[in-house]
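This is structure_24.tsv. It holds TSV, C-alpha atoms.
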chain	number	residue	atom	x	y	z
D	1	MET	CA	40.07	-45.30	-38.04
D	2	ASN	CA	37.89	-43.31	-35.66
D	3	TYR	CA	34.09	-43.31	-35.91
D	4	GLU	CA	33.71	-39.83	-37.47
D	5	THR	CA	36.23	-40.65	-40.17
D	6	TRP	CA	34.51	-43.96	-40.90
D	7	VAL	CA	31.07	-42.31	-41.21
D	8	HIS	CA	32.44	-40.08	-43.98
D	9	ALA	CA	34.44	-42.91	-45.56
D	10	ARG	CA	31.44	-45.26	-45.39
D	11	ASN	CA	29.32	-42.84	-47.45
D	12	GLU	CA	32.03	-42.76	-50.11
D	13	CYS	CA	32.37	-46.55	-50.04
D	14	GLU	CA	28.63	-47.08	-50.41
D	15	SER	CA	28.65	-44.95	-53.57
D	16	CYS	CA	31.56	-46.91	-55.10
D	17	ARG	CA	30.94	-49.64	-57.66
D	18	ASN	CA	33.53	-51.85	-55.95
D	19	CYS	CA	31.53	-51.91	-52.72
D	20	HIS	CA	29.15	-54.79	-52.11
D	21	VAL	CA	26.81	-54.45	-49.15
D	22	TYR	CA	25.70	-57.46	-47.12
D	23	THR	CA	23.56	-58.12	-44.08
D	24	ASP	CA	25.04	-60.04	-41.17
D	25	VAL	CA	22.52	-62.74	-40.31
D	26	ASP	CA	23.49	-62.49	-36.64
D	27	GLN	CA	22.51	-58.81	-36.45
D	28	ASP	CA	19.14	-57.13	-36.66
D	29	LYS	CA	20.41	-54.21	-38.75
D	30	PRO	CA	20.40	-54.72	-42.53
D	31	ASN	CA	23.28	-53.70	-44.81
D	32	THR	CA	25.93	-53.59	-42.11
D	33	ILE	CA	28.82	-55.25	-43.93
D	34	LEU	CA	30.66	-53.40	-46.70
D	35	ILE	CA	33.10	-55.44	-48.77
D	36	CYS	CA	35.50	-54.04	-51.36
D	37	VAL	CA	35.72	-56.48	-54.26
D	38	LYS	CA	38.64	-54.57	-55.79
D	39	PHE	CA	40.85	-55.62	-52.87
D	40	ALA	CA	40.16	-59.34	-52.68
D	41	ARG	CA	36.91	-58.97	-50.76
D	42	GLU	CA	38.50	-56.93	-47.98
D	43	TYR	CA	36.20	-55.08	-45.58
D	44	CYS	CA	35.85	-51.51	-46.83
D	45	ILE	CA	36.92	-50.06	-43.48
D	46	ASP	CA	40.18	-52.03	-43.73
D	47	ALA	CA	40.77	-51.05	-47.36
D	48	ARG	CA	40.21	-47.40	-46.48
D	49	SER	CA	42.52	-47.60	-43.44
D	50	ASP	CA	45.42	-49.00	-45.47
D	51	GLN	CA	47.26	-46.55	-47.73
D	52	LYS	CA	48.48	-49.49	-49.84
D	53	MET	CA	44.85	-50.14	-50.70
D	54	CYS	CA	42.20	-47.48	-51.20
D	55	GLY	CA	43.33	-45.30	-48.32
D	56	LEU	CA	41.59	-42.39	-46.63
D	57	GLU	CA	41.56	-40.50	-49.93
D	58	ALA	CA	39.49	-43.25	-51.64
D	59	ASN	CA	42.13	-43.57	-54.36
D	60	ASP	CA	40.35	-46.44	-56.09
D	61	TRP	CA	36.80	-45.10	-55.82
D	62	GLU	CA	34.73	-45.62	-58.98
D	63	PRO	CA	31.20	-44.29	-59.52
D	64	ARG	CA	28.36	-46.82	-59.57

Transcribe the structure of this file into structure tokens.
Amino acid sequence: MNYETWVHARNECESCRNCHVYTDVDQDKPNTILICVKFAREYCIDARSDQKMCGLEANDWEPR
């Protein structure tokens, strides 16, 4: 997934109730890790890249 696509997808993921946001202790930027709990704690970017999971269309998106 290219950067522009991920920026758009990330905004959708952050507004989904299945997305849990974490801070990587090795980085200085907070809230950098997005995990999708609907897909066995898969990274959101991976779940959105795989059509068998959420896919680019955010098929499993649920409002917070």

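Take the candidates D:Asp50, D:Asp28, D:Glu42, D:Glu62 and check each one against Glu14 of chain D using all atoms listed in the file; the shortest distance goes to D:Glu62.
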
Handout entry: Nearest residue to Asn18 of chain D from the set D:Ile45, D:Val37, D:Glu57, D:Pro63 (distances using all atoms listed in the file)
Key = D:Val37

Pick out the residues sitting within 12 Å of Asn59 of chain D, and hand them over as a CSV table (one decimal) with C-alpha atoms, in the coordinates of the input; count only C-alpha atoms, and ignore anything fewer than 5 positions along from it in its own chain.
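Okay, this is what ended up in selection23.csv:
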chain,number,residue,atom,x,y,z
D,9,ALA,CA,34.4,-42.9,-45.6
D,12,GLU,CA,32.0,-42.8,-50.1
D,13,CYS,CA,32.4,-46.6,-50.0
D,16,CYS,CA,31.6,-46.9,-55.1
D,38,LYS,CA,38.6,-54.6,-55.8
D,47,ALA,CA,40.8,-51.0,-47.4
D,48,ARG,CA,40.2,-47.4,-46.5
D,49,SER,CA,42.5,-47.6,-43.4
D,50,ASP,CA,45.4,-49.0,-45.5
D,51,GLN,CA,47.3,-46.6,-47.7
D,52,LYS,CA,48.5,-49.5,-49.8
D,53,MET,CA,44.8,-50.1,-50.7
D,54,CYS,CA,42.2,-47.5,-51.2

Practice task
Can you work out which one of D:Met1, D:His8, D:His20, D:Ala58 has the shortest atom-to-atom distance to Thr32 of chain D, counting all atoms listed in the file?
Solution key: D:His20

Using 4 Å of padding on each side, determine the axis-aligned box around all atoms of segment 15-22 of chain D present in the file and give its centre and edge lengths in Å to one decimal, as AutoDock Vina command-line options.
--center_x 29.6 --center_y -51.2 --center_z -52.4 --size_x 15.8 --size_y 20.5 --size_z 18.5

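Of the residues listed (D:Tyr22, D:Gln27, D:Arg10, D:Trp61), D:Trp61 shows the shortest atom-to-atom separation from Phe39 of chain D; distances use all atoms listed in the file.
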
Handout entry: Atomic separation - atom CA of Cys36 of chain D relative to atom CA of Ser15 of chain D, Å
Key = 11.6 Å

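One distance worth recording is that between atom CA of Glu4 of chain D and atom CA of Asp26 of chain D, which is 24.9 Å.
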
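Note that atom CA of Lys29 of chain D and atom CA of Asp60 of chain D are 27.5 Å apart.
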
Problem - Local residues around (30.1, -59.4, -43.8), at most 10 Å away, using all atoms listed in the file, as an MDAnalysis selection string - result: chainID D and resid 20:25 31:35 41:43
